[in-house]
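Okay, work_15.csv is below, CSV, N, CA and C atoms and all ligand atoms:
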chain,number,residue,atom,x,y,z
A,1,MET,N,94.1,110.2,108.3
A,1,MET,CA,95.4,109.4,108.2
A,1,MET,C,95.4,108.5,107.0
A,2,THR,N,96.5,108.4,106.4
A,2,THR,CA,96.7,107.5,105.2
A,2,THR,C,96.6,106.1,105.5
A,3,TRP,N,95.8,105.3,104.8
A,3,TRP,CA,95.5,103.9,105.2
A,3,TRP,C,96.8,103.1,104.9
A,4,ILE,N,97.2,103.1,103.6
A,4,ILE,CA,98.4,102.3,103.2
A,4,ILE,C,99.5,103.4,103.0
A,5,VAL,N,100.5,103.4,103.8
A,5,VAL,CA,101.6,104.3,103.6
A,5,VAL,C,102.7,103.7,102.7
A,6,TRP,N,103.1,104.4,101.7
A,6,TRP,CA,104.1,104.0,100.8
A,6,TRP,C,105.4,103.9,101.5
A,7,ASN,N,106.2,102.8,101.4
A,7,ASN,CA,107.5,102.8,102.0
A,7,ASN,C,108.5,102.0,101.2
A,8,GLU,N,109.7,102.0,101.6
A,8,GLU,CA,110.8,101.3,100.8
A,8,GLU,C,110.5,99.8,100.6
A,9,ASP,N,109.8,99.2,101.5
A,9,ASP,CA,109.5,97.8,101.4
A,9,ASP,C,108.6,97.5,100.1
A,10,LEU,N,108.0,98.5,99.6
A,10,LEU,CA,107.1,98.3,98.4
A,10,LEU,C,107.8,98.7,97.1
A,11,THR,N,109.1,99.1,97.2
A,11,THR,CA,109.9,99.5,96.1
A,11,THR,C,110.6,98.3,95.5
A,12,GLY,N,110.5,98.1,94.2
A,12,GLY,CA,111.2,96.9,93.6
A,12,GLY,C,112.4,97.3,92.8
A,13,GLY,N,112.5,98.5,92.3
A,13,GLY,CA,113.7,99.0,91.6
A,13,GLY,C,113.5,99.0,90.1
A,14,VAL,N,112.3,98.8,89.6
A,14,VAL,CA,112.0,99.0,88.2
A,14,VAL,C,111.0,100.2,88.1
A,15,ASP,N,111.4,101.3,87.5
A,15,ASP,CA,110.6,102.5,87.6
A,15,ASP,C,109.2,102.4,87.2
A,16,SER,N,109.0,101.8,86.0
A,16,SER,CA,107.6,101.7,85.5
A,16,SER,C,106.7,100.9,86.4
A,17,ILE,N,107.2,99.8,87.0
A,17,ILE,CA,106.5,99.0,87.9
A,17,ILE,C,106.2,99.8,89.2
A,18,ASP,N,107.3,100.4,89.8
A,18,ASP,CA,107.1,101.1,91.0
A,18,ASP,C,106.1,102.3,90.9
A,19,THR,N,106.1,103.0,89.8
A,19,THR,CA,105.2,104.1,89.5
A,19,THR,C,103.7,103.6,89.5
A,20,GLN,N,103.5,102.4,88.8
A,20,GLN,CA,102.2,101.9,88.8
A,20,GLN,C,101.7,101.3,90.2
A,21,HIS,N,102.7,100.8,90.9
A,21,HIS,CA,102.3,100.3,92.3
A,21,HIS,C,101.9,101.5,93.1
A,22,ARG,N,102.6,102.6,93.0
A,22,ARG,CA,102.2,103.8,93.8
A,22,ARG,C,100.8,104.2,93.4
A,23,GLU,N,100.5,104.2,92.1
A,23,GLU,CA,99.1,104.6,91.7
A,23,GLU,C,98.1,103.6,92.3
A,24,LEU,N,98.4,102.3,92.3
A,24,LEU,CA,97.5,101.3,92.9
A,24,LEU,C,97.3,101.6,94.4
A,25,VAL,N,98.3,101.9,95.1
A,25,VAL,CA,98.2,102.2,96.5
A,25,VAL,C,97.4,103.4,96.7
A,26,ASP,N,97.6,104.5,95.9
A,26,ASP,CA,96.8,105.7,96.0
A,26,ASP,C,95.3,105.4,95.8
A,27,LEU,N,95.0,104.5,94.8
A,27,LEU,CA,93.6,104.2,94.5
A,27,LEU,C,93.0,103.4,95.6
A,28,MET,N,93.8,102.4,96.1
A,28,MET,CA,93.3,101.6,97.3
A,28,MET,C,92.9,102.6,98.4
A,29,ASN,N,93.8,103.6,98.7
A,29,ASN,CA,93.5,104.5,99.8
A,29,ASN,C,92.3,105.3,99.5
A,30,ALA,N,92.1,105.7,98.2
A,30,ALA,CA,90.9,106.5,97.8
A,30,ALA,C,89.6,105.6,98.0
A,31,VAL,N,89.7,104.3,97.6
A,31,VAL,CA,88.5,103.4,97.8
A,31,VAL,C,88.2,103.3,99.3
A,32,TYR,N,89.2,103.1,100.1
A,32,TYR,CA,89.1,103.0,101.5
A,32,TYR,C,88.4,104.2,102.2
A,33,ASP,N,88.9,105.4,101.8
A,33,ASP,CA,88.4,106.6,102.4
A,33,ASP,C,86.9,106.8,102.0
A,34,SER,N,86.7,106.5,100.7
A,34,SER,CA,85.3,106.6,100.2
A,34,SER,C,84.4,105.7,100.9
A,35,ALA,N,84.8,104.4,101.1
A,35,ALA,CA,84.0,103.4,101.8
A,35,ALA,C,83.8,103.8,103.3
A,36,CYS,N,84.8,104.4,103.9
A,36,CYS,CA,84.7,104.8,105.3
A,36,CYS,C,83.6,106.0,105.4
A,37,ALA,N,83.6,106.8,104.4
A,37,ALA,CA,82.6,107.9,104.4
A,37,ALA,C,81.2,107.4,104.0
A,38,GLY,N,81.1,106.1,103.6
A,38,GLY,CA,79.8,105.5,103.3
A,38,GLY,C,79.3,106.0,101.9
A,39,GLU,N,80.1,106.4,101.0
A,39,GLU,CA,79.7,106.9,99.7
A,39,GLU,C,79.6,105.8,98.7
A,40,VAL,N,78.5,105.2,98.5
A,40,VAL,CA,78.3,104.1,97.7
A,40,VAL,C,78.8,104.3,96.2
A,41,ALA,N,78.2,105.3,95.6
A,41,ALA,CA,78.5,105.6,94.2
A,41,ALA,C,80.0,105.8,93.9
A,42,SER,N,80.6,106.7,94.7
A,42,SER,CA,82.0,107.0,94.5
A,42,SER,C,82.9,105.8,94.8
A,43,THR,N,82.5,105.0,95.8
A,43,THR,CA,83.3,103.8,96.2
A,43,THR,C,83.3,102.8,95.0
A,44,VAL,N,82.1,102.6,94.4
A,44,VAL,CA,82.1,101.7,93.3
A,44,VAL,C,82.8,102.2,92.1
A,45,ARG,N,82.7,103.5,91.9
A,45,ARG,CA,83.4,104.1,90.7
A,45,ARG,C,85.0,104.0,91.0
A,46,LEU,N,85.4,104.3,92.2
A,46,LEU,CA,86.8,104.2,92.5
A,46,LEU,C,87.3,102.8,92.4
A,47,PHE,N,86.5,101.9,92.9
A,47,PHE,CA,86.8,100.4,92.8
A,47,PHE,C,87.0,100.0,91.4
A,48,ASP,N,86.1,100.4,90.5
A,48,ASP,CA,86.2,100.1,89.1
A,48,ASP,C,87.5,100.6,88.5
A,49,ASP,N,87.8,101.8,88.9
A,49,ASP,CA,89.1,102.5,88.5
A,49,ASP,C,90.3,101.6,89.0
A,50,LEU,N,90.2,101.2,90.2
A,50,LEU,CA,91.3,100.4,90.8
A,50,LEU,C,91.4,99.1,90.0
A,51,LEU,N,90.2,98.5,89.7
A,51,LEU,CA,90.3,97.2,88.9
A,51,LEU,C,90.9,97.4,87.5
A,52,LYS,N,90.5,98.5,86.9
A,52,LYS,CA,91.0,98.8,85.5
A,52,LYS,C,92.5,99.0,85.6
A,53,HIS,N,93.0,99.8,86.5
A,53,HIS,CA,94.4,100.0,86.7
A,53,HIS,C,95.2,98.8,87.1
A,54,THR,N,94.6,98.0,87.9
A,54,THR,CA,95.2,96.7,88.3
A,54,THR,C,95.4,95.8,87.1
A,55,VAL,N,94.4,95.6,86.3
A,55,VAL,CA,94.5,94.7,85.1
A,55,VAL,C,95.5,95.3,84.2
A,56,ALA,N,95.5,96.6,83.9
A,56,ALA,CA,96.5,97.2,83.0
A,56,ALA,C,97.9,97.0,83.5
A,57,HIS,N,98.1,97.2,84.9
A,57,HIS,CA,99.4,97.0,85.5
A,57,HIS,C,99.9,95.5,85.3
A,58,PHE,N,99.0,94.6,85.5
A,58,PHE,CA,99.3,93.2,85.4
A,58,PHE,C,99.8,92.9,83.9
A,59,ARG,N,99.0,93.5,83.0
A,59,ARG,CA,99.4,93.2,81.6
A,59,ARG,C,100.8,93.8,81.3
A,60,HIS,N,101.1,95.0,81.9
A,60,HIS,CA,102.4,95.6,81.7
A,60,HIS,C,103.5,94.7,82.2
A,61,GLU,N,103.3,94.2,83.5
A,61,GLU,CA,104.4,93.3,84.0
A,61,GLU,C,104.5,92.0,83.1
A,62,GLU,N,103.4,91.5,82.6
A,62,GLU,CA,103.4,90.3,81.8
A,62,GLU,C,104.1,90.6,80.5
A,63,SER,N,104.0,91.8,80.0
A,63,SER,CA,104.7,92.1,78.7
A,63,SER,C,106.2,92.1,78.9
A,64,LEU,N,106.6,92.4,80.1
A,64,LEU,CA,108.0,92.4,80.4
A,64,LEU,C,108.5,90.9,80.5
A,65,PHE,N,107.6,90.0,81.0
A,65,PHE,CA,108.0,88.6,81.1
A,65,PHE,C,108.3,88.1,79.7
A,66,ILE,N,107.4,88.4,78.7
A,66,ILE,CA,107.5,87.9,77.4
A,66,ILE,C,108.8,88.4,76.7
A,67,GLY,N,109.1,89.7,76.9
A,67,GLY,CA,110.3,90.2,76.3
A,67,GLY,C,111.6,89.8,76.9
A,68,THR,N,111.5,89.1,78.1
A,68,THR,CA,112.8,88.8,78.8
A,68,THR,C,112.9,87.3,79.1
A,69,ALA,N,111.9,86.5,78.7
A,69,ALA,CA,111.9,85.0,79.0
A,69,ALA,C,112.1,84.8,80.5
A,70,TYR,N,111.3,85.5,81.3
A,70,TYR,CA,111.4,85.4,82.8
A,70,TYR,C,111.0,84.0,83.2
A,71,PRO,N,111.8,83.2,83.9
A,71,PRO,CA,111.5,81.8,84.2
A,71,PRO,C,110.3,81.6,85.1
A,72,GLU,N,109.9,82.6,85.9
A,72,GLU,CA,108.8,82.4,86.9
A,72,GLU,C,107.5,83.0,86.3
A,73,ALA,N,107.5,83.3,85.0
A,73,ALA,CA,106.4,84.0,84.3
A,73,ALA,C,105.0,83.3,84.6
A,74,GLU,N,105.0,82.0,84.5
A,74,GLU,CA,103.8,81.2,84.6
A,74,GLU,C,103.2,81.4,86.0
A,75,LYS,N,104.0,81.2,87.0
A,75,LYS,CA,103.5,81.3,88.4
A,75,LYS,C,103.0,82.7,88.6
A,76,HIS,N,103.8,83.7,88.2
A,76,HIS,CA,103.5,85.1,88.4
A,76,HIS,C,102.1,85.5,87.8
A,77,ARG,N,102.0,85.0,86.5
A,77,ARG,CA,100.8,85.3,85.8
A,77,ARG,C,99.6,84.6,86.5
A,78,ARG,N,99.8,83.4,87.0
A,78,ARG,CA,98.7,82.7,87.7
A,78,ARG,C,98.3,83.5,89.0
A,79,HIS,N,99.2,84.1,89.7
A,79,HIS,CA,98.9,84.9,90.8
A,79,HIS,C,98.2,86.2,90.4
A,80,HIS,N,98.5,86.8,89.3
A,80,HIS,CA,97.7,87.9,88.8
A,80,HIS,C,96.3,87.5,88.5
A,81,ASP,N,96.1,86.3,87.9
A,81,ASP,CA,94.7,85.9,87.6
A,81,ASP,C,93.9,85.7,88.9
A,82,LEU,N,94.6,85.1,89.9
A,82,LEU,CA,93.9,84.9,91.2
A,82,LEU,C,93.5,86.3,91.9
A,83,LEU,N,94.5,87.2,91.8
A,83,LEU,CA,94.3,88.6,92.4
A,83,LEU,C,93.1,89.3,91.7
A,84,THR,N,93.1,89.2,90.4
A,84,THR,CA,92.1,89.8,89.6
A,84,THR,C,90.7,89.3,89.9
A,85,ALA,N,90.6,87.9,90.1
A,85,ALA,CA,89.3,87.3,90.4
A,85,ALA,C,88.9,87.8,91.8
A,86,LYS,N,89.8,87.9,92.8
A,86,LYS,CA,89.5,88.4,94.1
A,86,LYS,C,89.0,89.8,94.0
A,87,ALA,N,89.7,90.6,93.3
A,87,ALA,CA,89.3,92.1,93.2
A,87,ALA,C,87.9,92.2,92.6
A,88,ILE,N,87.6,91.4,91.6
A,88,ILE,CA,86.2,91.5,91.0
A,88,ILE,C,85.2,91.1,92.0
A,89,GLU,N,85.5,90.0,92.8
A,89,GLU,CA,84.6,89.5,93.8
A,89,GLU,C,84.4,90.7,94.9
A,90,TYR,N,85.4,91.3,95.3
A,90,TYR,CA,85.3,92.4,96.3
A,90,TYR,C,84.6,93.6,95.8
A,91,ARG,N,84.8,93.9,94.5
A,91,ARG,CA,84.1,95.0,93.9
A,91,ARG,C,82.6,94.8,93.9
A,92,ASP,N,82.2,93.6,93.7
A,92,ASP,CA,80.8,93.3,93.8
A,92,ASP,C,80.2,93.5,95.2
A,93,CYS,N,81.1,93.2,96.2
A,93,CYS,CA,80.7,93.4,97.6
A,93,CYS,C,80.5,94.9,97.9
A,94,ALA,N,81.4,95.8,97.2
A,94,ALA,CA,81.2,97.2,97.4
A,94,ALA,C,79.9,97.6,96.7
A,95,ALA,N,79.6,97.0,95.6
A,95,ALA,CA,78.3,97.4,94.9
A,95,ALA,C,77.1,97.0,95.7
A,96,ALA,N,77.3,95.9,96.5
A,96,ALA,CA,76.1,95.5,97.3
A,96,ALA,C,75.9,96.4,98.5
A,97,GLY,N,76.9,97.3,98.8
A,97,GLY,CA,76.7,98.4,99.8
A,97,GLY,C,76.9,97.9,101.2
A,98,ASP,N,77.6,96.8,101.4
A,98,ASP,CA,77.9,96.4,102.8
A,98,ASP,C,79.2,97.0,103.2
A,99,PHE,N,79.1,98.2,103.7
A,99,PHE,CA,80.3,99.0,104.0
A,99,PHE,C,81.0,98.6,105.3
A,100,THR,N,80.2,98.0,106.2
A,100,THR,CA,80.9,97.5,107.4
A,100,THR,C,81.8,96.4,107.1
A,101,ALA,N,81.4,95.4,106.3
A,101,ALA,CA,82.2,94.3,105.9
A,101,ALA,C,83.4,94.8,105.0
A,102,LEU,N,83.0,95.8,104.1
A,102,LEU,CA,84.0,96.3,103.2
A,102,LEU,C,85.2,96.9,103.9
A,103,THR,N,85.0,97.8,104.9
A,103,THR,CA,86.1,98.5,105.6
A,103,THR,C,86.8,97.6,106.6
A,104,ALA,N,86.0,96.7,107.2
A,104,ALA,CA,86.6,95.8,108.3
A,104,ALA,C,87.3,94.6,107.8
A,105,GLU,N,86.8,94.0,106.7
A,105,GLU,CA,87.3,92.7,106.2
A,105,GLU,C,87.8,92.7,104.8
A,106,VAL,N,86.9,93.2,103.9
A,106,VAL,CA,87.2,93.0,102.4
A,106,VAL,C,88.3,93.8,102.0
A,107,LEU,N,88.3,95.1,102.2
A,107,LEU,CA,89.5,95.9,101.8
A,107,LEU,C,90.8,95.6,102.4
A,108,PRO,N,90.8,95.3,103.8
A,108,PRO,CA,92.0,94.9,104.4
A,108,PRO,C,92.6,93.6,103.8
A,109,ARG,N,91.7,92.7,103.4
A,109,ARG,CA,92.1,91.4,102.7
A,109,ARG,C,92.7,91.7,101.4
A,110,LEU,N,92.1,92.6,100.6
A,110,LEU,CA,92.6,93.0,99.3
A,110,LEU,C,94.0,93.7,99.4
A,111,ARG,N,94.1,94.6,100.4
A,111,ARG,CA,95.4,95.3,100.7
A,111,ARG,C,96.4,94.2,101.0
A,112,ASP,N,96.1,93.2,101.9
A,112,ASP,CA,97.1,92.2,102.2
A,112,ASP,C,97.6,91.4,101.0
A,113,PHE,N,96.6,91.0,100.2
A,113,PHE,CA,97.0,90.3,99.0
A,113,PHE,C,97.9,91.1,98.1
A,114,LEU,N,97.5,92.4,97.9
A,114,LEU,CA,98.3,93.3,97.0
A,114,LEU,C,99.7,93.5,97.5
A,115,VAL,N,99.8,93.9,98.8
A,115,VAL,CA,101.1,94.2,99.4
A,115,VAL,C,102.0,92.9,99.4
A,116,PHE,N,101.4,91.8,99.7
A,116,PHE,CA,102.2,90.5,99.7
A,116,PHE,C,102.7,90.2,98.3
A,117,HIS,N,101.8,90.5,97.3
A,117,HIS,CA,102.2,90.2,95.9
A,117,HIS,C,103.4,91.2,95.5
A,118,ILE,N,103.3,92.4,95.9
A,118,ILE,CA,104.3,93.4,95.5
A,118,ILE,C,105.6,93.0,96.2
A,119,GLN,N,105.5,92.6,97.5
A,119,GLN,CA,106.7,92.3,98.2
A,119,GLN,C,107.4,91.0,97.9
A,120,LYS,N,106.6,90.1,97.3
A,120,LYS,CA,107.1,88.7,97.0
A,120,LYS,C,107.3,88.6,95.5
A,121,ASP,N,106.3,88.4,94.7
A,121,ASP,CA,106.4,88.1,93.3
A,121,ASP,C,107.0,89.2,92.5
A,122,ASP,N,106.5,90.5,92.8
A,122,ASP,CA,107.0,91.6,92.0
A,122,ASP,C,108.5,91.9,92.4
A,123,LYS,N,108.8,91.8,93.6
A,123,LYS,CA,110.2,92.1,94.0
A,123,LYS,C,111.2,91.0,93.3
A,124,GLU,N,110.7,89.8,93.2
A,124,GLU,CA,111.5,88.8,92.6
A,124,GLU,C,111.7,89.1,91.1
A,125,THR,N,110.6,89.5,90.5
A,125,THR,CA,110.6,89.9,89.1
A,125,THR,C,111.5,91.1,88.9
A,126,CYS,N,111.4,92.1,89.7
A,126,CYS,CA,112.2,93.3,89.6
A,126,CYS,C,113.7,93.0,89.7
A,127,ALA,N,114.0,92.1,90.7
A,127,ALA,CA,115.4,91.7,90.8
A,127,ALA,C,116.0,91.0,89.6
A,128,PHE,N,115.1,90.2,88.9
A,128,PHE,CA,115.5,89.5,87.7
A,128,PHE,C,115.7,90.6,86.6
A,129,LEU,N,114.8,91.5,86.5
A,129,LEU,CA,114.9,92.6,85.5
A,129,LEU,C,116.1,93.5,85.7
A,130,ASN,N,116.4,93.8,87.0
A,130,ASN,CA,117.6,94.6,87.3
A,130,ASN,C,118.8,93.9,86.8
A,131,ALA,N,118.8,92.5,87.1
A,131,ALA,CA,120.0,91.7,86.7
A,131,ALA,C,120.3,91.7,85.2
A,132,ILE,N,119.2,91.9,84.4
A,132,ILE,CA,119.5,91.9,83.0
A,132,ILE,C,119.5,93.4,82.4
A,133,GLY,N,119.6,94.4,83.4
A,133,GLY,CA,119.8,95.7,82.9
A,133,GLY,C,118.6,96.6,82.8
A,134,ILE,N,117.4,96.1,83.3
A,134,ILE,CA,116.2,96.9,83.2
A,134,ILE,C,115.9,97.5,84.6
A,135,ALA,N,115.8,98.8,84.6
A,135,ALA,CA,115.6,99.5,85.9
A,135,ALA,C,114.4,100.5,85.8
A,201,FE,FE,102.8,94.5,90.4
A,202,FE,FE,102.8,91.1,89.7

Go through the file and emit its structure as structure tokens.
Amino acid sequence: MTWIVWNEDLTGGVDSIDTQHRELVDLMNAVYDSACAGEVASTVRLFDDLLKHTVAHFRHEESLFIGTAYPEAEKHRRHHDLLTAKAIEYRDCAAAGDFTALTAEVLPRLRDFLVFHIQKDDKETCAFLNAIGIA
């Protein structure tokens, strides 16, 4: 069964952002499946991939702030920094091999942070971008 199911609630209406969010959800699901199977090396590798894609995605959104003078840019950027710090902390937990904590607490917490960010900050940003003609 798919851990995080993509749905309309996760769609913001800016294609490049939505595509990257789908990739992040796919990667989160891959990390979760690998952790459930107890595969240490592939879990850490997938988590590193998730981190890399997450950071690249945040830079992409932030490049749109700069180009559009988005008024909430500073707050949004701060939330990206917090999420990145959390993801790095959780990646180290995966590397430590505590898969019980990883599947029961750590990954669900990361999922909640990510989903909340997509549904709140990113949706607000997408609405702003839509309003100035970016979709
Ligand atoms: Fe995002
Ligand atoms: Fe964001």

- [ ] For ligand FE 202 (chain A), collect every residue having any atom at a distance of at most 7 Å from a ligand atom (counting only C-alpha atoms and all ligand atoms); output as a count of residues only.
- [x] 8

- [ ] May I ask you to write as number ranges by chain all residues lying at most 12 Å from ligand FE 201 (chain A), with only C-alpha atoms and all ligand atoms counted?
- [x] A: 10-25, 53-62, 64, 76-77, 79-80, 83-84, 113-126

Open item on the list: Considering all atoms listed in the file, can you say which of A:Ile4, A:Ala101, A:Ala30, A:Ala135 comes closest to A:Leu46?
Closed with: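 Among the listed residues, A:Ala30 lies closest to A:Leu46.
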
- [ ] Go through A:Glu8, A:Asp49, A:Glu39, A:Glu72 and flag the residue nearest A:Leu27, using all atoms listed in the file for the distances.
- [x]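 Of A:Glu8, A:Asp49, A:Glu39, A:Glu72, the one nearest A:Leu27 is A:Asp49, counting all atoms listed in the file.
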
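We find atom CA of A:Arg109 and atom CA of A:Pro71 to be spaced 28.5 Å apart.
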
TODO: Name the residues of chain A that come out as alpha helix (DSSP H) in a backbone DSSP run; write them as a PyMOL selection string.
DONE: chain A and resi 15-36+40-68+73-95+99-101+107-117+123-131

TODO: List the neighbours of A:Arg91 out to 7 Å using all atoms listed in the file; skip same-chain residues closer than 5 positions along the sequence, and give me the result as a ChimeraX atom specification.
DONE: /A:44,47-48,86,96

- [ ] Would you mind reading off the distance between atom CA of A:Trp3 and atom CA of A:Asp33, one decimal, in Å?
- [x]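 Taking atom CA of A:Trp3 and atom CA of A:Asp33, their separation equals 8.1 Å.
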
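If you measure from each of A:Met28, A:Ile132, A:Ala127, A:Val5 to A:Thr43 using only C-alpha atoms, the closest one turns out to be A:Met28.
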